[in-house]
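Source file: start.cif; contents: mmCIF, C-alpha atoms.
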```
data_upload
loop_
_atom_site.group_PDB
_atom_site.id
_atom_site.type_symbol
_atom_site.label_atom_id
_atom_site.label_comp_id
_atom_site.auth_asym_id
_atom_site.auth_seq_id
_atom_site.Cartn_x
_atom_site.Cartn_y
_atom_site.Cartn_z
ATOM 1 C CA MET R 1 -209.053 -164.430 57.278
ATOM 2 C CA ALA R 2 -206.111 -162.298 58.479
ATOM 3 C CA GLN R 3 -203.864 -165.333 58.188
ATOM 4 C CA VAL R 4 -204.816 -165.926 54.568
ATOM 5 C CA HIS R 5 -205.077 -162.371 53.299
ATOM 6 C CA HIS R 6 -202.444 -159.930 54.434
ATOM 7 C CA VAL R 7 -204.720 -156.903 54.175
ATOM 8 C CA TYR R 8 -205.475 -154.317 56.850
ATOM 9 C CA GLY R 9 -208.623 -155.292 58.819
ATOM 10 C CA ALA R 10 -208.980 -158.717 57.197
ATOM 11 C CA ASP R 11 -209.580 -160.298 60.602
ATOM 12 C CA GLN R 12 -212.676 -158.071 61.023
ATOM 13 C CA SER R 13 -213.907 -157.961 57.432
ATOM 14 C CA GLY R 14 -216.556 -160.676 57.502
ATOM 15 C CA PHE R 15 -220.244 -159.948 57.806
ATOM 16 C CA ARG R 16 -223.549 -161.743 58.089
ATOM 17 C CA THR R 17 -226.887 -160.020 57.738
ATOM 18 C CA SER R 18 -230.416 -160.719 56.619
ATOM 19 C CA PHE R 19 -233.128 -158.671 54.984
ATOM 20 C CA GLN R 20 -236.861 -159.133 55.366
ATOM 21 C CA LEU R 21 -238.144 -158.764 51.819
ATOM 22 C CA GLY R 22 -241.527 -160.318 52.623
ATOM 23 C CA SER R 23 -244.312 -158.811 50.557
ATOM 24 C CA GLN R 24 -241.800 -156.996 48.316
ATOM 25 C CA LEU R 25 -240.881 -160.310 46.658
ATOM 26 C CA ALA R 26 -243.968 -160.035 44.459
ATOM 27 C CA THR R 27 -242.550 -156.975 42.698
ATOM 28 C CA LEU R 28 -238.793 -157.578 42.799
ATOM 29 C CA GLY R 29 -236.779 -158.976 39.935
ATOM 30 C CA GLN R 30 -233.336 -158.544 41.482
ATOM 31 C CA VAL R 31 -231.697 -157.351 44.673
ATOM 32 C CA GLN R 32 -228.402 -155.471 44.570
ATOM 33 C CA LEU R 33 -226.103 -155.879 47.596
ATOM 34 C CA ILE R 34 -223.327 -153.408 48.341
ATOM 35 C CA SER R 35 -220.658 -153.639 51.033
ATOM 36 C CA ARG R 36 -219.444 -150.187 52.125
ATOM 37 C CA TYR R 37 -216.599 -148.946 54.264
ATOM 38 C CA THR R 38 -216.841 -145.284 55.280
ATOM 39 C CA ASP R 39 -215.574 -142.900 57.916
ATOM 40 C CA ALA R 40 -218.988 -141.202 58.276
ATOM 41 C CA ALA R 41 -221.626 -142.373 60.760
ATOM 42 C CA ASN R 42 -224.358 -141.926 58.135
ATOM 43 C CA GLY R 43 -222.310 -143.918 55.583
ATOM 44 C CA ASN R 44 -222.498 -141.261 52.890
ATOM 45 C CA SER R 45 -219.020 -139.760 52.560
ATOM 46 C CA ASN R 46 -215.452 -140.855 52.017
ATOM 47 C CA SER R 47 -216.588 -144.384 51.246
ATOM 48 C CA TYR R 48 -215.331 -147.400 49.389
ATOM 49 C CA ASP R 49 -217.979 -149.756 47.951
ATOM 50 C CA TYR R 50 -217.945 -153.294 46.678
ATOM 51 C CA TRP R 51 -220.926 -154.173 44.493
ATOM 52 C CA PHE R 52 -221.785 -157.877 44.564
ATOM 53 C CA ALA R 53 -223.386 -159.535 41.580
ATOM 54 C CA PRO R 54 -227.162 -158.938 41.659
ATOM 55 C CA VAL R 55 -229.278 -161.654 43.253
ATOM 56 C CA THR R 56 -232.103 -162.709 40.944
ATOM 57 C CA ILE R 57 -235.479 -163.314 42.610
ATOM 58 C CA ASN R 58 -237.309 -166.457 41.530
ATOM 59 C CA ARG R 59 -240.388 -165.206 39.636
ATOM 60 C CA SER R 60 -241.626 -168.576 38.452
ATOM 61 C CA ASN R 61 -245.243 -169.574 38.961
ATOM 62 C CA ARG R 62 -245.359 -173.303 39.695
ATOM 63 C CA ALA R 63 -248.234 -175.555 40.677
ATOM 64 C CA HIS R 64 -249.393 -179.126 40.456
ATOM 65 C CA LEU R 65 -252.773 -180.752 40.811
ATOM 66 C CA ASP R 66 -251.966 -183.877 42.818
ATOM 67 C CA GLY R 67 -255.397 -185.414 42.838
ATOM 68 C CA VAL R 68 -259.124 -185.100 42.332
ATOM 69 C CA THR R 69 -261.282 -187.604 44.196
ATOM 70 C CA VAL R 70 -264.928 -188.100 45.040
ATOM 71 C CA ASP R 71 -265.973 -188.966 48.579
ATOM 72 C CA GLY R 72 -269.720 -189.253 48.996
ATOM 73 C CA ASN R 73 -271.156 -186.024 47.609
ATOM 74 C CA GLN R 74 -267.812 -184.167 47.829
ATOM 75 C CA LEU R 75 -265.302 -183.401 45.096
ATOM 76 C CA ILE R 76 -261.895 -183.140 46.796
ATOM 77 C CA VAL R 77 -259.101 -181.340 44.959
ATOM 78 C CA ASN R 78 -255.550 -181.251 46.332
ATOM 79 C CA GLY R 79 -252.195 -180.028 45.118
ATOM 80 C CA TRP R 80 -249.778 -177.140 45.557
ATOM 81 C CA HIS R 81 -249.047 -173.684 44.152
ATOM 82 C CA ALA R 82 -245.719 -171.948 44.912
ATOM 83 C CA THR R 83 -244.669 -168.517 43.657
ATOM 84 C CA ASN R 84 -242.969 -165.409 45.033
ATOM 85 C CA LEU R 85 -245.496 -163.424 42.992
ATOM 86 C CA ALA R 86 -248.023 -164.258 45.741
ATOM 87 C CA ALA R 87 -245.878 -162.739 48.512
ATOM 88 C CA ASN R 88 -248.245 -159.793 49.058
ATOM 89 C CA LYS R 89 -251.457 -161.754 48.529
ATOM 90 C CA SER R 90 -253.096 -163.116 51.694
ATOM 91 C CA TYR R 91 -255.907 -165.154 50.143
ATOM 92 C CA HIS R 92 -255.545 -168.454 48.292
ATOM 93 C CA TYR R 93 -258.533 -169.780 46.367
ATOM 94 C CA VAL R 94 -259.143 -172.915 44.367
ATOM 95 C CA ILE R 95 -261.736 -172.262 41.689
ATOM 96 C CA VAL R 96 -263.557 -174.666 39.381
ATOM 97 C CA VAL R 97 -264.527 -173.307 35.966
ATOM 98 C CA ASP R 98 -267.017 -175.036 33.680
ATOM 99 C CA GLN R 99 -265.270 -174.671 30.329
ATOM 100 C CA THR R 100 -268.343 -175.864 28.458
ATOM 101 C CA SER R 101 -270.514 -173.014 29.750
ATOM 102 C CA GLY R 102 -267.625 -170.593 30.358
ATOM 103 C CA ARG R 103 -268.692 -169.948 33.963
ATOM 104 C CA GLU R 104 -267.180 -170.297 37.386
ATOM 105 C CA VAL R 105 -269.067 -173.048 39.213
ATOM 106 C CA GLY R 106 -267.158 -173.372 42.486
ATOM 107 C CA ARG R 107 -264.792 -171.390 44.693
ATOM 108 C CA CYS R 108 -263.071 -172.405 47.920
ATOM 109 C CA LEU R 109 -260.798 -170.307 50.159
ATOM 110 C CA VAL R 110 -258.079 -172.775 51.168
ATOM 111 C CA LYS R 111 -255.755 -172.953 54.151
ATOM 112 C CA PRO R 112 -252.033 -173.622 53.734
ATOM 113 C CA VAL R 113 -250.972 -177.267 53.901
ATOM 114 C CA ALA R 114 -247.407 -178.293 54.775
ATOM 115 C CA ARG R 115 -245.399 -179.391 51.725
ATOM 116 C CA PRO R 116 -241.757 -180.087 52.642
ATOM 117 C CA ASP R 117 -241.230 -181.598 49.178
ATOM 118 C CA VAL R 118 -242.189 -178.327 47.502
ATOM 119 C CA ALA R 119 -239.973 -176.376 49.918
ATOM 120 C CA GLN R 120 -237.036 -178.596 48.990
ATOM 121 C CA ALA R 121 -237.685 -178.288 45.255
ATOM 122 C CA PHE R 122 -238.270 -174.503 45.360
ATOM 123 C CA SER R 123 -236.100 -173.258 48.217
ATOM 124 C CA GLY R 124 -236.013 -169.724 46.762
ATOM 125 C CA VAL R 125 -239.796 -169.336 46.972
ATOM 126 C CA MET R 126 -241.254 -167.776 50.107
ATOM 127 C CA GLY R 127 -244.070 -169.917 51.472
ATOM 128 C CA ALA R 128 -243.154 -173.020 49.459
ATOM 129 C CA ALA R 129 -243.174 -175.064 52.690
ATOM 130 C CA THR R 130 -246.906 -174.349 53.072
ATOM 131 C CA ALA R 131 -247.900 -174.152 49.405
ATOM 132 C CA GLY R 132 -250.181 -177.183 49.598
ATOM 133 C CA PHE R 133 -253.954 -177.002 49.427
ATOM 134 C CA GLN R 134 -257.096 -179.091 49.702
ATOM 135 C CA ALA R 135 -260.439 -177.813 48.465
ATOM 136 C CA ASP R 136 -263.762 -179.561 49.051
ATOM 137 C CA PHE R 137 -266.747 -178.874 46.807
ATOM 138 C CA SER R 138 -270.278 -180.239 46.745
ATOM 139 C CA LEU R 139 -270.857 -182.329 43.620
ATOM 140 C CA ASN R 140 -274.243 -180.590 43.297
ATOM 141 C CA GLN R 141 -272.367 -177.534 41.958
ATOM 142 C CA PHE R 142 -271.182 -179.272 38.794
ATOM 143 C CA ASN R 143 -272.513 -180.763 35.600
ATOM 144 C CA LEU R 144 -270.182 -183.745 35.328
ATOM 145 C CA ASN R 145 -270.983 -184.054 31.608
ATOM 146 C CA HIS R 146 -269.146 -180.738 31.062
ATOM 147 C CA ARG R 147 -265.416 -180.099 30.887
ATOM 148 C CA LEU R 148 -264.194 -178.701 34.208
ATOM 149 C CA GLN R 149 -260.967 -176.817 34.886
ATOM 150 C CA VAL R 150 -259.251 -176.176 38.234
ATOM 151 C CA LEU R 151 -257.613 -172.806 38.954
ATOM 152 C CA SER R 152 -255.358 -171.978 41.904
ATOM 153 C CA ARG R 153 -255.419 -168.235 42.629
ATOM 154 C CA TYR R 154 -253.648 -165.974 45.093
ATOM 155 C CA SER R 155 -255.318 -162.613 45.677
ATOM 156 C CA ALA R 156 -254.839 -159.507 47.793
ATOM 157 C CA SER R 157 -258.606 -159.131 48.230
ATOM 158 C CA ALA R 158 -260.846 -161.247 50.442
ATOM 159 C CA ASP R 159 -263.224 -161.993 47.569
ATOM 160 C CA GLY R 160 -260.340 -163.298 45.456
ATOM 161 C CA ASN R 161 -261.102 -161.102 42.461
ATOM 162 C CA ARG R 162 -258.427 -158.374 42.495
ATOM 163 C CA TRP R 163 -254.608 -158.323 42.347
ATOM 164 C CA ILE R 164 -254.328 -161.948 41.397
ATOM 165 C CA ILE R 165 -251.732 -164.435 40.341
ATOM 166 C CA GLY R 166 -253.149 -167.715 39.188
ATOM 167 C CA LEU R 167 -252.304 -170.915 37.457
ATOM 168 C CA TYR R 168 -254.668 -173.114 35.502
ATOM 169 C CA GLN R 169 -254.434 -176.867 35.712
#
```
Translate this structure into C-alpha cells?
Amino acid sequence: MAQVHHVYGADQSGFRTSFQLGSQLATLGQVQLISRYTDAANGNSNSYDYWFAPVTINRSNRAHLDGVTVDGNQLIVNGWHATNLAANKSYHYVIVVDQTSGREVGRCLVKPVARPDVAQAFSGVMGAATAGFQADFSLNQFNLNHRLQVLSRYSASADGNRWIIGLYQ
C-alpha cells in the first residue's frame, strides 16, 4: 500500500478482523463498522474515524419442501429452511397441520441435515449449510382425505411453541 498511496502509515494501514454475531443475527438489521485512529489507549479521545457503509443483514425467511414420500406406515417429509431470524432459536420442528379440521396432527423435532446447495445459494445466512431436515411421521396420525399442510418452525423453547419463526409450505 505505501507504494501506491503516498500517505503516512499506509504500509501499516490494513486490517482484518471478525465479529461473532451469532445469536444476535435474529435481531439485527444492519451492522455499522468504524475504523478509528486515536492516541488514547481506550480509543475515546483525539480520534479520527472512518465510517464504512452499513452492512445489511439478510433477514429473509426461505424454505423449500423437497419431497413427501410414504414408506410402509411412515410419512417422510424432507426439505430445508434457512433464515438468520432463527439464529437464537435452538429447536427446529416440522409440524403437520390438518387444514380441514384446523388442528395440528403431527410434530417432529428434527436434526440438522447438511445442505451445501443451500449454503451456496444463501451464503449470508448463518446455518444455511445445515438447514436441511427430514421428519418421519406415522400415517396413523393423519386423515388422508383431509388437506394437510407442512410447517417448518424454529423456536427458542423445547416445546416449540414460543419465540418462533416459521414458514408454511
**OP:** Step by step, work through what the PyMOL selection byres ((chain R and resi 60-76) around 6) selects in the shown file, and finish by giving those residues as a VMD selection string.
**Re:** chain R and resid 58 to 59 77 to 83 135 to 139
Quick one: apply the PyMOL selection byres ((chain R and resi 110-113) around 12) to the file and drop the selected residues here as a compact mmCIF listing (two decimals) with C-alpha atoms, in the frame of the given file.
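result_15.txt, freshly written:
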```
# COMPACT_ATOMS: atom_id res chain seq x y z
CA ILE R 76 -261.90 -183.14 46.80
CA VAL R 77 -259.10 -181.34 44.96
CA ASN R 78 -255.55 -181.25 46.33
CA GLY R 79 -252.20 -180.03 45.12
CA TRP R 80 -249.78 -177.14 45.56
CA HIS R 81 -249.05 -173.68 44.15
CA ALA R 82 -245.72 -171.95 44.91
CA SER R 90 -253.10 -163.12 51.69
CA TYR R 91 -255.91 -165.15 50.14
CA HIS R 92 -255.54 -168.45 48.29
CA TYR R 93 -258.53 -169.78 46.37
CA VAL R 94 -259.14 -172.92 44.37
CA ILE R 95 -261.74 -172.26 41.69
CA ARG R 107 -264.79 -171.39 44.69
CA CYS R 108 -263.07 -172.40 47.92
CA LEU R 109 -260.80 -170.31 50.16
CA ALA R 114 -247.41 -178.29 54.78
CA ARG R 115 -245.40 -179.39 51.72
CA PRO R 116 -241.76 -180.09 52.64
CA ASP R 117 -241.23 -181.60 49.18
CA VAL R 118 -242.19 -178.33 47.50
CA ALA R 119 -239.97 -176.38 49.92
CA GLY R 127 -244.07 -169.92 51.47
CA ALA R 128 -243.15 -173.02 49.46
CA ALA R 129 -243.17 -175.06 52.69
CA THR R 130 -246.91 -174.35 53.07
CA ALA R 131 -247.90 -174.15 49.40
CA GLY R 132 -250.18 -177.18 49.60
CA PHE R 133 -253.95 -177.00 49.43
CA GLN R 134 -257.10 -179.09 49.70
CA ALA R 135 -260.44 -177.81 48.46
CA ASP R 136 -263.76 -179.56 49.05
CA PHE R 137 -266.75 -178.87 46.81
CA SER R 152 -255.36 -171.98 41.90
CA ARG R 153 -255.42 -168.24 42.63
CA TYR R 154 -253.65 -165.97 45.09
CA SER R 155 -255.32 -162.61 45.68
CA ALA R 158 -260.85 -161.25 50.44
CA GLY R 160 -260.34 -163.30 45.46
```
**OP:** Figure out the distance between CA of Ile57 (chain R) and CA of Leu28 (chain R), please, to one decimal in Å.
**Re:**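 For CA of Leu28 (chain R) relative to CA of Ile57 (chain R), the distance reads 6.6 Å.
Computed from the coordinates, the CA of Ala156 (chain R) to CA of Ala86 (chain R) distance equals 8.6 Å.
Of note, CA of Ser18 (chain R) and CA of Ser157 (chain R) are spaced 29.5 Å apart.
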Subject >> Proximity to His146 (chain R) - best of R:Gln12, R:Gln30, R:Asn44, R:Ser101, only C-alpha atoms >> reply: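 Distance minimum relative to His146 (chain R) lands on R:Ser101.
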Original post:
With all atoms listed in the file as the atoms that count, which of R:Gln120, R:Asn84, R:Ser13, R:Asn145 lies nearest to Arg36 (chain R)?
Top reply: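 Answer, going by the shortest atom-to-atom distance: R:Ser13.
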Original post:
Selected by the PyMOL selection byres ((chain R and resi 24-26) around 7) in the shown coordinates: which residues, as a list in words?
Top reply: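 Against this file, the PyMOL selection byres ((chain R and resi 24-26) around 7) returns the residues Leu21, Gly22, Ser23, Thr27, Leu28, Asn84, Leu85, Ala86, Ala87 and Asn88 of chain R.
Using only C-alpha atoms, the protein and nucleic acid residues lying at most 9 Å from the point (-227.3, -157.8, 45.8) are Gln30, Val31, Gln32, Leu33, Ile34, Trp51, Phe52, Ala53, Pro54, Val55 and Thr56 of chain R.
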Coordinates of box centre and edge lengths for region 36-46 of chain R, 4 Å on every side, axis-aligned, as lines of an AutoDock Vina configuration file:
```
center_x = -219.9
center_y = -145.0
center_z = 56.4
size_x = 16.9
size_y = 18.4
size_z = 16.7
```
Subject >> Nearest to Val150 (chain R) by atom-to-atom distance, counting all atoms listed in the file, from R:Met126, R:Val97, R:Val105, R:Ala121 >> reply: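 For Val150 (chain R), the nearest of the candidates is R:Val97.
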Original post:
So, counting all atoms listed in the file, which residue among R:Gln99, R:Ser35, R:Val125, R:Arg162 is closest to Phe142 (chain R)?
Top reply: R:Gln99
Original post:
From the set R:Gly124, R:Thr100, R:Ser47, R:Lys89, which residue has the shortest atom-to-atom contact distance to Asp159 (chain R), counting all atoms listed in the file?
Top reply: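 Between R:Gly124, R:Thr100, R:Ser47, R:Lys89, the residue approaching Asp159 (chain R) most closely is R:Lys89.
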**OP:** Point out the residue among R:Tyr37, R:Gln141, R:Gly43, R:Arg147 with the least atom-to-atom distance to Gly9 (chain R), counting all atoms listed in the file.
**Re:** R:Tyr37
